[in-house]
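Beneath this line is the structure, given in structure tokens, with notes to follow.
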Amino acid sequence: MPDLVWFLIRRLFGALLVMLALSLAVYLIFYAIPADPAHLACGKPCTPDRLEQARHFMQLDQSTLQQYLNFLKGIVAGRTFGDGTAAVHCNAPCFGYSFPLARPVTTLITDRLPITASIALGAAVLWLLFGVSLGVIAALNRGRILDRLAVGVALAGVSTPSFLLGLLAILVFGFWLNMVPVNGYVPLTESPVDWAWHLVTPWIVLAILQAASYIRLTRSQMLEELNLDYITTARAKGAGEARVVLTHGLRGVLVPVITLFGLDLGGLLGGAILTEKVFSMQGLGDLLISAVGQLDVAVVVGVTLFSAFLIILANLVVDIVHGVLDPRVSHG
Amino acid sequence: MSSSVAGTVSPTRQAMRRMRRDRSARVGLVVVALLIVIAAAAPLLVRLAGQDATTYHIDLLDPARGNAPRGAIGGASGTHWFGVEPLTGRDLFSIVVLGLRTSLFIAVVVTLITTVVGTLAGISAAYFGGWYDAVLSRLLDFLFGFPQLVFMIALGIVVPARFPRWLLLILVLSFFGWAGLARLIRNQARSLVAREFVEAARSVGSSGWMVITRELLPNLLGPVLVVATLAIPGYIGAEAALSFLGVGVPPPTPSLGRSISDSIAWVYTGADPWFLLFPGAMLFLAVLGFTLLGDGVRDVFDVRLRRTN
Amino acid sequence: MAEPVLEVHDLHVTFSTENGPVPAVDGIDFAVAPGQTLAIVGESGSGKSVSSSAVMGLLPSNADVTGEVLLDGRQLAGLPNDELRKIRGNDIAMVFQDALSALNPYYSVGWQVAEAYRLHHDVPKKVARRRAVEMLDKVGIPDAARRADSYPHEFSGGMRQRVVIAMALVNDPRVLIADEPTTALDVTVQAQIMRLLDDVQDEFGTALILISHDLGVVAEVADDVLVMYAGRAAERGTVRDLFFRAAHPYSLGLLGAMPRVDVPPKPRLTTIPGTPPGPGSITTGCPFQPRCAYTHLVGERCITERPELTPRPGEGDHEAACHLGRRPEVIL
């Protein structure tokens with residue numbers, strides 16, 4: 001399929017361009033910062049001399065554009081701050097260096113990513129299954145008790161902020177019923193059972209809330225889909241109701257659902273920030289919030305760009321899945 | 001068939017009739033009206049209760065329990081209707097109703113700004129088309145690709161501390177908020193622009209402004225109203241989330257999100273769950289009320305909002 | 001006439017709606033024999049499509065169907081859905097008006113034809129596929145083995161309608177219901193599709209029910225004609241009865257609205273003034289009376305008494321529901 005290959009190349013190239021534009025915008029915004037990172041690094045007492053030294057060491061004495069180019073170069077080739085014994089190395093791909101934490105941003109992100117990813121992906125699988133199946137059930141029982149129930153759950157779900165439900169879950173299941181651990185994270189590699197056990201509450205909380213919009217979307221799409229002529233054709237062919245719904249109806253429903261899923265996955269980092277705070281887990285959100293508190297610009301820029309990267313990546317994947325799911329989407 | 005029969009009753013009249021029939025819309029309307037009255041009259045209510053949101057009542061706290069309020073239900077009493085805040089002893093009722101006022105104020109202002117900007121941008125892009133439309137569409141793509149919540153948090157580092165946070169919150173939420181409406185209105189308006197009556201208005205020499213205000217705007221009123229109503233609960237949630245993360249409205253202005261954030265420690269230990277429950281219930285009610293109303297308005301205007309590109 | 005394969009007696013269809021029950025079909029009878037073609041003619045809203053959907057058991061759940069639907073003498077109306085399912089697509093198949101919307105856009109045409117076969121034959125996918133290709137070939141899809149993998153949107157309108165016909169014929173049905181099969185096509189393609197239907201009918205001895213408002217098509221292929229107006233039969237007879245001895249003013253109006261090349265041209269085509277009444281809006285008298293040019297020749301009876309289908313003396317099975325009692329003169 002040379003068509004598909006070309007389509008992929010073009011989309012990848014486009015995504016790269018967007019990423020570049022985004023990184024430039026983010027860089028310009030955050031390095032227009034009034035608080036000088038060097039000021040914080042040089043400590044007390046901070047003589048003008050030492051400040052100048054710090055600025056030079058952190059490469060902040062160069063023009064903003066030059067700094068941005070250094071940043072780009074660091075991604076490809078890595079960077080070295082200072083020289084001699086005091087030199088600090090940041091290996092490629094280098095997305096900046098956090099002087100307050102004395103670690104490359106890339107390392108900080110990859111250290112924290114498993115936590116955020118564990119929360120997000122586990123919940124995503126749950127809510128996709130839960131949301132789509134409840135939405136289908138609601139559509140098939142339109143107006144009946146199951147439909148009302150699902151619509152009610154969905155309404156309560158979209159009306160509850162995640163942090164609120166999370167705290168309620170901790171209160172009820174963690175404190176009153178004492179069933180699940182209320183906070184903390186155990187790496188998967190250490191103990192898969194403990195890992196899942198600590199994550200089960202955030203998963204369910206996030207899943208319930210996110211499933212709400214999937215119930216609503218699946219339900220309304222399925223109701224529309226069931227009115228289409230080809231559904232009547234399927235019935236006229238003698239297909240049973242289950243086959244009509246699952247083989248002929250669901251396929252069309254999945255296209256918008258996958259779109260929403262891709263967008264949500266890309267934006268999950270944002271949602272995970274709230275969840276991390278509620279469940280006291282040190283993921284990327286926690287990294288970002290403490291970096292804001294410490295005016296650690298390199299980390300803030302790094303995490304912002306990383307989450308933008310996730311969104312762009314998710315959009316790319318959605319486009320490709322679209323092409324696979326819907327034969328009418330042309331790659332030409 | 002529909003045009004000849006339904007045409008005898010005006011669309012507004014039809015909408016009102018459907019509104020009266022839709023039960024959840026009615027419930028939403030009542031809840032929203034109640035919330036708006038509470039929020040508007042919050043300072044009055046607080047004075048009526050003989051309280052304020054800033055005075056500490058250390059005497060109502062129990063040092064043996066880590067300064068949680070004394071008594072049941074978070075120390076609720078005839079004077080402190082929702083009890084008091086742990087650690088400070090401030091009146092929780094005052095904090096909750098004034099916090100609601102903050103939430104609704106920010107959400108409504110942001111909705112007004114994004115609705116006006118989004119509608120104008122969407123309609124003008126559809127009407128003028130060409131490079132203007134192309135540039136705007138790219139800008140919307142860019143905004144959609146932006147990690148909004150992350151960026152809003154990160155922005156806290158850039159903006160000087162003396163810049164009022166509530167204004168920053170409004171500006172940031174508005175900056176990202178108009179894009180969705182603009183895209184929807186652009187797509188709807190584009191199909192209108194291609195229709196005969198717009199063509200007719202143009203051909204008799206109506207100016208662009210006339211066409212936009214007389215022909216396009218009235219026809220887009222339904223979708224605009226629906227999106228605006230459904231946007232409000234989103235902004236209430238967003239404001240609460242940012243305040244929850246500590247980058248929203250700063251103290252001492254009461255905020256539901258911040259109170260909920262402050263309650264985390266008291267929830268973990270189970271020492272004072274009421275500190276979560278009162279602000280939490282108010283926040284839930286606010287989002288639910290506007291969502292119900294928004295759903296009702298959507299059904300009333302029979303607007304299909306589909307995610308399309 | 002041979003023994004009919006499908007007989008419908010006193011069919012009533014009533015939809016329950018928010019505004020009370022709405023009768024869509026108000027007591028009609030028809031029958032069709034193997035190899036024969038019955039045309040059901042009428043304006044949109046006359047109940048002709050509802051009748052065919054009722055035969056297939058494809059009406060939504062708010063439709064109340066009474067009367068007899070006999071397939072080889074076996075009553076279908078009221079059968080449980082599971083039993084009906086075995087008949088749909090197998091004994092009675094349907095060709096829809098708009099092939100583009102009648103075909104599922106997400107599946108290849110070969111898959112869709114094969115599915116229709118597999119729903120009624122317990123065969124491996126490969127066998128079904130071979131049968132599908134054979135069928136596509138038979139309806140005149142060039143290079144059928146390769147084109148079977150194409151999706152509906154990749155075909156022209158005429159080719160798509162051929163696919164729908166292949167899908168309907170894949171199980172050798174005894175009765176084929178074609179609901180305006182050529183309306184969405186341009187004239188030359190229309191002729192090809194009608195010839196195709198005619199050919200398969202000859203080959204398989206299928207009974208064809210052709211639902212149409214195009215009298216030109218009807219004149220060419222039909223054996224018998226049923227003219228429907230406002231959910232009731234206005235006139236019934238052979239195609240010759242209708243075209244040479246039309247006995248109902250409405251039929252006459254339809255003929256007047258049709259361009260003809262077999263008789264000397266009239267000064268202009270006539271139209272029937274007014275629009276058909278909404279379903280259930282006329283409860284007494286003749287439903288056509290408000291639009292009828294002959295009412296003054298009959299008088300009060302047209303408004304007070306509902307005309308029943310009565311045999312035309314000396315014209316075999318020709319029947320009309322009109323108080324006029326004699327053949328209406330053409331009024332120009």
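Residue numbering restarts at 1 for every chain of the structure tokens, chains are lettered A, B, ... in their displayed order, and ligands are numbered from 1 as they appear.
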
Problem - At most 9 Å to chain A: residues in chain C, only C-alpha atoms, as a ChimeraX atom specification - result: /C:56-58,81-82,84-90,92-96,98-108,115-117,119-120,151,153-154,167-168

Handout entry: Who sits within 9 Å of Glu203 in chain C, only C-alpha atoms, same chain under 4 positions skipped, as JSON, numbers by chain
Key = {"C": [35, 198, 199]}

Produce a file of the selected residues containing N, CA and C atoms, as an mmCIF file, in the first residue's frame.
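Writing the result to result-v8.cif gives the following:
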data_model
loop_
_atom_site.group_PDB
_atom_site.id
_atom_site.type_symbol
_atom_site.label_atom_id
_atom_site.label_comp_id
_atom_site.auth_asym_id
_atom_site.auth_seq_id
_atom_site.Cartn_x
_atom_site.Cartn_y
_atom_site.Cartn_z
ATOM 1 N N GLY C 35 -42.863 -15.940 -10.753
ATOM 2 C CA GLY C 35 -42.588 -15.461 -12.092
ATOM 3 C C GLY C 35 -43.404 -14.248 -12.497
ATOM 4 N N ASP C 198 -35.802 -8.261 -14.625
ATOM 5 C CA ASP C 198 -36.634 -9.071 -15.508
ATOM 6 C C ASP C 198 -35.949 -10.406 -15.833
ATOM 7 N N ASP C 199 -34.667 -10.335 -16.130
ATOM 8 C CA ASP C 199 -33.903 -11.537 -16.477
ATOM 9 C C ASP C 199 -33.856 -12.537 -15.325
#

Practice task
Could you please write out, as a PyMOL selection string, every residue of range 48-217 of chain B that DSSP assigns to alpha helix (DSSP H)?
Solution key: chain B and resi 48+92-128+130-144+148-155+165-193+196-203+208-210+217

10 Å contact set for Phe176 in chain B, only C-alpha atoms, chain neighbours under 6 positions out, as a CSV table (one decimal) with N, CA and C atoms, in the first residue's frame:
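The resulting file, part.csv, is reproduced below:
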chain,number,residue,atom,x,y,z
B,114,THR,N,-15.8,33.8,25.8
B,114,THR,CA,-15.5,32.8,24.8
B,114,THR,C,-16.7,32.7,23.8
B,140,LEU,N,-6.7,27.2,15.4
B,140,LEU,CA,-7.5,26.4,16.2
B,140,LEU,C,-6.9,25.0,16.4
B,143,LEU,N,-4.3,25.4,19.0
B,143,LEU,CA,-4.9,25.5,20.4
B,143,LEU,C,-5.4,24.1,20.9
B,144,PHE,N,-5.9,23.3,19.9
B,144,PHE,CA,-6.4,22.0,20.3
B,144,PHE,C,-5.2,21.1,20.7
B,146,PHE,N,-2.7,21.9,22.2
B,146,PHE,CA,-1.9,22.4,23.4
B,146,PHE,C,-2.4,21.6,24.6
B,148,GLN,N,-3.6,21.9,27.7
B,148,GLN,CA,-4.1,23.1,28.3
B,148,GLN,C,-3.9,23.1,29.8
B,149,LEU,N,-4.3,22.1,30.5
B,149,LEU,CA,-4.2,22.1,32.0
B,149,LEU,C,-2.7,22.3,32.4
B,152,MET,N,-1.7,25.8,31.8
B,152,MET,CA,-2.3,26.7,32.8
B,152,MET,C,-1.5,26.6,34.1

Practice task
Name all residues at most 12 Å from Gly82 in chain A (count only C-alpha atoms; drop same-chain ones fewer than 5 positions away) and give them as a VMD selection string.
Solution key: chain A and resid 53 to 60 87 to 90

Selection above as a file: N, CA and C atoms, as a PDB file, in the first residue's frame:
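Everything below was put into out-v2.pdb:
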ATOM      1  N   GLN A  53      28.436  34.450  36.642  1.00  0.00           N
ATOM      2  CA  GLN A  53      29.023  33.116  36.491  1.00  0.00           C
ATOM      3  C   GLN A  53      27.947  32.057  36.289  1.00  0.00           C
ATOM      4  N   ALA A  54      26.942  32.153  37.166  1.00  0.00           N
ATOM      5  CA  ALA A  54      25.850  31.177  37.095  1.00  0.00           C
ATOM      6  C   ALA A  54      25.137  31.269  35.753  1.00  0.00           C
ATOM      7  N   ARG A  55      24.889  32.502  35.330  1.00  0.00           N
ATOM      8  CA  ARG A  55      24.201  32.701  34.054  1.00  0.00           C
ATOM      9  C   ARG A  55      24.993  32.080  32.908  1.00  0.00           C
ATOM     10  N   HIS A  56      26.312  32.297  32.980  1.00  0.00           N
ATOM     11  CA  HIS A  56      27.150  31.753  31.924  1.00  0.00           C
ATOM     12  C   HIS A  56      27.130  30.223  31.954  1.00  0.00           C
ATOM     13  N   PHE A  57      27.218  29.692  33.169  1.00  0.00           N
ATOM     14  CA  PHE A  57      27.238  28.241  33.323  1.00  0.00           C
ATOM     15  C   PHE A  57      25.943  27.604  32.802  1.00  0.00           C
ATOM     16  N   MET A  58      24.835  28.261  33.119  1.00  0.00           N
ATOM     17  CA  MET A  58      23.542  27.721  32.694  1.00  0.00           C
ATOM     18  C   MET A  58      23.213  28.112  31.261  1.00  0.00           C
ATOM     19  N   GLN A  59      24.120  28.793  30.637  1.00  0.00           N
ATOM     20  CA  GLN A  59      23.964  29.244  29.249  1.00  0.00           C
ATOM     21  C   GLN A  59      22.762  30.168  29.094  1.00  0.00           C
ATOM     22  N   LEU A  60      22.509  30.973  30.119  1.00  0.00           N
ATOM     23  CA  LEU A  60      21.393  31.912  30.059  1.00  0.00           C
ATOM     24  C   LEU A  60      21.854  33.273  29.559  1.00  0.00           C
ATOM     25  N   ALA A  87      31.937  20.400  34.946  1.00  0.00           N
ATOM     26  CA  ALA A  87      31.028  20.246  33.811  1.00  0.00           C
ATOM     27  C   ALA A  87      29.860  19.317  34.155  1.00  0.00           C
ATOM     28  N   VAL A  88      28.693  19.694  33.629  1.00  0.00           N
ATOM     29  CA  VAL A  88      27.500  18.878  33.815  1.00  0.00           C
ATOM     30  C   VAL A  88      27.076  18.352  32.453  1.00  0.00           C
ATOM     31  N   HIS A  89      26.921  17.038  32.357  1.00  0.00           N
ATOM     32  CA  HIS A  89      26.541  16.449  31.075  1.00  0.00           C
ATOM     33  C   HIS A  89      25.065  16.114  31.065  1.00  0.00           C
ATOM     34  N   CYS A  90      24.496  16.339  29.891  1.00  0.00           N
ATOM     35  CA  CYS A  90      23.096  15.968  29.710  1.00  0.00           C
ATOM     36  C   CYS A  90      23.047  15.216  28.393  1.00  0.00           C
TER      37      CYS A  90
END

Problem - B:Ile157, B:Ala134, B:Ala238, B:Leu181 ranked by distance to Leu283 in chain B, top pick (using only C-alpha atoms) - result: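 Looking only at the distances to Leu283 in chain B, the closest residue turns out to be B:Ala238.
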
Exercise for the section: From a DSSP pass on the backbone, collect the residues of range 100-313 of chain C flagged as strand (DSSP E or B) and hand them back as number ranges by chain. Expected result: C: 175-179, 207-212, 224-229, 232-238, 310-311

Practice task
Can you pull out every residue within 7 Å of Gly257 in chain B, counting only C-alpha atoms, but drop anything in the same chain fewer than 6 positions away, and send it as a PyMOL selection string?
Solution key: chain B and resi 240-241+243-244

Handout entry: Gap from CA of Ala125 in chain B to CA of Arg10 in chain A - Å, one decimal
Key =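 For CA of Ala125 in chain B relative to CA of Arg10 in chain A, the distance reads 26.3 Å.
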
Fill in the blank from the handout: One residue among A:Leu113, A:Ala124, A:Leu206, A:Leu17 is nearest to chain B when using only C-alpha atoms, and that residue is A:Leu17

Give the residues of chain B that lie within 8 Å of chain A; count only C-alpha atoms, and format the answer as an mmCIF file with N, CA, C and O atoms, in the first residue's frame.
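Everything below was put into out.cif:
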data_model
loop_
_atom_site.group_PDB
_atom_site.id
_atom_site.type_symbol
_atom_site.label_atom_id
_atom_site.label_comp_id
_atom_site.auth_asym_id
_atom_site.auth_seq_id
_atom_site.Cartn_x
_atom_site.Cartn_y
_atom_site.Cartn_z
ATOM 1 N N PHE B 142 -3.773 24.417 16.426
ATOM 2 C CA PHE B 142 -2.682 24.639 17.366
ATOM 3 C C PHE B 142 -3.215 24.636 18.799
ATOM 4 O O PHE B 142 -2.666 23.976 19.677
ATOM 5 N N GLY B 145 -4.097 21.293 20.039
ATOM 6 C CA GLY B 145 -2.949 20.435 20.294
ATOM 7 C C GLY B 145 -2.225 20.804 21.583
ATOM 8 O O GLY B 145 -1.302 20.133 21.994
ATOM 9 N N PHE B 146 -2.660 21.895 22.200
ATOM 10 C CA PHE B 146 -1.945 22.391 23.365
ATOM 11 C C PHE B 146 -2.352 21.641 24.621
ATOM 12 O O PHE B 146 -3.524 21.391 24.854
ATOM 13 N N PRO B 147 -1.403 21.264 25.443
ATOM 14 C CA PRO B 147 -1.754 20.630 26.723
ATOM 15 C C PRO B 147 -2.273 21.692 27.675
ATOM 16 O O PRO B 147 -1.505 22.298 28.412
ATOM 17 N N GLN B 148 -3.585 21.911 27.663
ATOM 18 C CA GLN B 148 -4.147 23.094 28.311
ATOM 19 C C GLN B 148 -3.907 23.150 29.816
ATOM 20 O O GLN B 148 -3.380 24.141 30.329
ATOM 21 N N LEU B 149 -4.296 22.074 30.507
ATOM 22 C CA LEU B 149 -4.181 22.110 31.963
ATOM 23 C C LEU B 149 -2.717 22.256 32.377
ATOM 24 O O LEU B 149 -2.376 23.048 33.256
ATOM 25 N N VAL B 150 -1.867 21.498 31.696
ATOM 26 C CA VAL B 150 -0.435 21.567 31.988
ATOM 27 C C VAL B 150 0.058 22.988 31.790
ATOM 28 O O VAL B 150 0.778 23.559 32.621
ATOM 29 N N PHE B 151 -0.387 23.593 30.690
ATOM 30 C CA PHE B 151 0.076 24.937 30.378
ATOM 31 C C PHE B 151 -0.433 25.948 31.405
ATOM 32 O O PHE B 151 0.291 26.853 31.827
ATOM 33 N N ILE B 153 -1.099 25.420 34.476
ATOM 34 C CA ILE B 153 -0.311 25.276 35.699
ATOM 35 C C ILE B 153 1.053 25.931 35.504
ATOM 36 O O ILE B 153 1.525 26.709 36.324
ATOM 37 N N ALA B 154 1.651 25.615 34.348
ATOM 38 C CA ALA B 154 3.005 26.097 34.084
ATOM 39 C C ALA B 154 3.038 27.612 34.024
ATOM 40 O O ALA B 154 4.029 28.239 34.406
ATOM 41 N N LEU B 155 1.948 28.209 33.556
ATOM 42 C CA LEU B 155 1.912 29.649 33.390
ATOM 43 C C LEU B 155 2.114 30.375 34.723
ATOM 44 O O LEU B 155 2.599 31.506 34.755
ATOM 45 N N GLY B 156 1.768 29.687 35.807
ATOM 46 C CA GLY B 156 1.942 30.271 37.129
ATOM 47 C C GLY B 156 3.368 30.738 37.368
ATOM 48 O O GLY B 156 3.625 31.654 38.158
ATOM 49 N N ILE B 157 4.301 30.147 36.669
ATOM 50 C CA ILE B 157 5.710 30.452 36.873
ATOM 51 C C ILE B 157 6.096 31.741 36.156
ATOM 52 O O ILE B 157 7.051 32.423 36.517
ATOM 53 N N VAL B 158 5.359 32.080 35.106
ATOM 54 C CA VAL B 158 5.751 33.192 34.250
ATOM 55 C C VAL B 158 5.130 34.510 34.701
ATOM 56 O O VAL B 158 5.771 35.549 34.671
ATOM 57 N N VAL B 159 3.869 34.431 35.087
ATOM 58 C CA VAL B 159 3.135 35.659 35.360
ATOM 59 C C VAL B 159 3.538 36.207 36.720
ATOM 60 O O VAL B 159 3.590 35.468 37.703
ATOM 61 N N PRO B 160 3.858 37.506 36.788
ATOM 62 C CA PRO B 160 4.303 38.086 38.058
ATOM 63 C C PRO B 160 3.237 37.935 39.130
ATOM 64 O O PRO B 160 2.042 37.939 38.840
ATOM 65 N N PRO B 233 -20.609 24.464 32.963
ATOM 66 C CA PRO B 233 -20.137 23.468 33.934
ATOM 67 C C PRO B 233 -18.677 23.095 33.712
ATOM 68 O O PRO B 233 -17.959 22.818 34.670
ATOM 69 N N GLY B 237 -15.794 23.410 36.582
ATOM 70 C CA GLY B 237 -14.881 22.311 36.902
ATOM 71 C C GLY B 237 -13.427 22.714 36.735
ATOM 72 O O GLY B 237 -12.580 22.384 37.560
ATOM 73 N N ALA B 241 -10.587 22.768 39.488
ATOM 74 C CA ALA B 241 -9.399 21.921 39.336
ATOM 75 C C ALA B 241 -8.127 22.736 39.539
ATOM 76 O O ALA B 241 -7.205 22.320 40.242
ATOM 77 N N LEU B 245 -5.345 22.481 42.501
ATOM 78 C CA LEU B 245 -3.913 22.246 42.316
ATOM 79 C C LEU B 245 -3.075 23.397 42.868
ATOM 80 O O LEU B 245 -1.862 23.375 42.789
ATOM 81 N N ILE B 260 -11.524 22.000 48.859
ATOM 82 C CA ILE B 260 -11.474 20.550 48.649
ATOM 83 C C ILE B 260 -10.029 20.065 48.722
ATOM 84 O O ILE B 260 -9.716 19.036 49.325
ATOM 85 N N ILE B 264 -7.868 17.312 51.819
ATOM 86 C CA ILE B 264 -7.249 16.001 51.553
ATOM 87 C C ILE B 264 -6.730 15.349 52.839
ATOM 88 O O ILE B 264 -7.045 14.198 53.148
ATOM 89 N N VAL B 267 -9.334 14.027 55.034
ATOM 90 C CA VAL B 267 -10.018 12.859 54.489
ATOM 91 C C VAL B 267 -9.162 11.605 54.708
ATOM 92 O O VAL B 267 -9.650 10.563 55.133
ATOM 93 N N TYR B 268 -7.859 11.737 54.439
ATOM 94 C CA TYR B 268 -6.944 10.597 54.602
ATOM 95 C C TYR B 268 -7.034 10.024 56.009
ATOM 96 O O TYR B 268 -7.057 8.822 56.228
ATOM 97 N N THR B 269 -7.084 10.939 56.986
ATOM 98 C CA THR B 269 -7.113 10.468 58.371
ATOM 99 C C THR B 269 -8.540 10.241 58.834
ATOM 100 O O THR B 269 -8.767 9.675 59.895
ATOM 101 N N GLY B 270 -9.479 10.694 58.051
ATOM 102 C CA GLY B 270 -10.871 10.529 58.452
ATOM 103 C C GLY B 270 -11.260 11.448 59.590
ATOM 104 O O GLY B 270 -12.330 11.312 60.170
ATOM 105 N N PRO B 273 -14.352 14.490 57.595
ATOM 106 C CA PRO B 273 -14.833 14.336 56.212
ATOM 107 C C PRO B 273 -15.776 15.459 55.798
ATOM 108 O O PRO B 273 -15.940 15.718 54.613
ATOM 109 N N LEU B 276 -14.701 18.033 53.388
ATOM 110 C CA LEU B 276 -14.788 17.693 51.963
ATOM 111 C C LEU B 276 -16.243 17.752 51.492
ATOM 112 O O LEU B 276 -16.536 18.250 50.411
ATOM 113 N N GLY B 280 -17.710 19.970 48.454
ATOM 114 C CA GLY B 280 -17.842 19.001 47.367
ATOM 115 C C GLY B 280 -19.267 18.930 46.854
ATOM 116 O O GLY B 280 -19.514 18.943 45.654
ATOM 117 N N PHE B 284 -20.532 19.808 43.111
ATOM 118 C CA PHE B 284 -21.271 18.810 42.342
ATOM 119 C C PHE B 284 -22.606 19.382 41.866
ATOM 120 O O PHE B 284 -22.974 19.269 40.705
ATOM 121 N N LEU B 285 -23.298 20.044 42.794
ATOM 122 C CA LEU B 285 -24.605 20.609 42.477
ATOM 123 C C LEU B 285 -24.485 21.656 41.367
ATOM 124 O O LEU B 285 -25.311 21.709 40.446
ATOM 125 N N VAL B 287 -22.142 21.937 38.991
ATOM 126 C CA VAL B 287 -21.857 21.338 37.690
ATOM 127 C C VAL B 287 -23.082 20.590 37.175
ATOM 128 O O VAL B 287 -23.467 20.703 36.009
ATOM 129 N N LEU B 288 -23.727 19.845 38.069
ATOM 130 C CA LEU B 288 -24.903 19.064 37.668
ATOM 131 C C LEU B 288 -26.020 19.966 37.155
ATOM 132 O O LEU B 288 -26.615 19.709 36.101
ATOM 133 N N THR B 291 -25.230 21.305 33.767
ATOM 134 C CA THR B 291 -25.238 20.237 32.762
ATOM 135 C C THR B 291 -26.667 19.860 32.390
ATOM 136 O O THR B 291 -26.993 19.713 31.204
ATOM 137 N N ARG B 307 -18.773 15.762 16.765
ATOM 138 C CA ARG B 307 -17.345 16.010 16.627
ATOM 139 C C ARG B 307 -16.954 15.754 15.192
ATOM 140 O O ARG B 307 -16.847 14.623 14.756
#
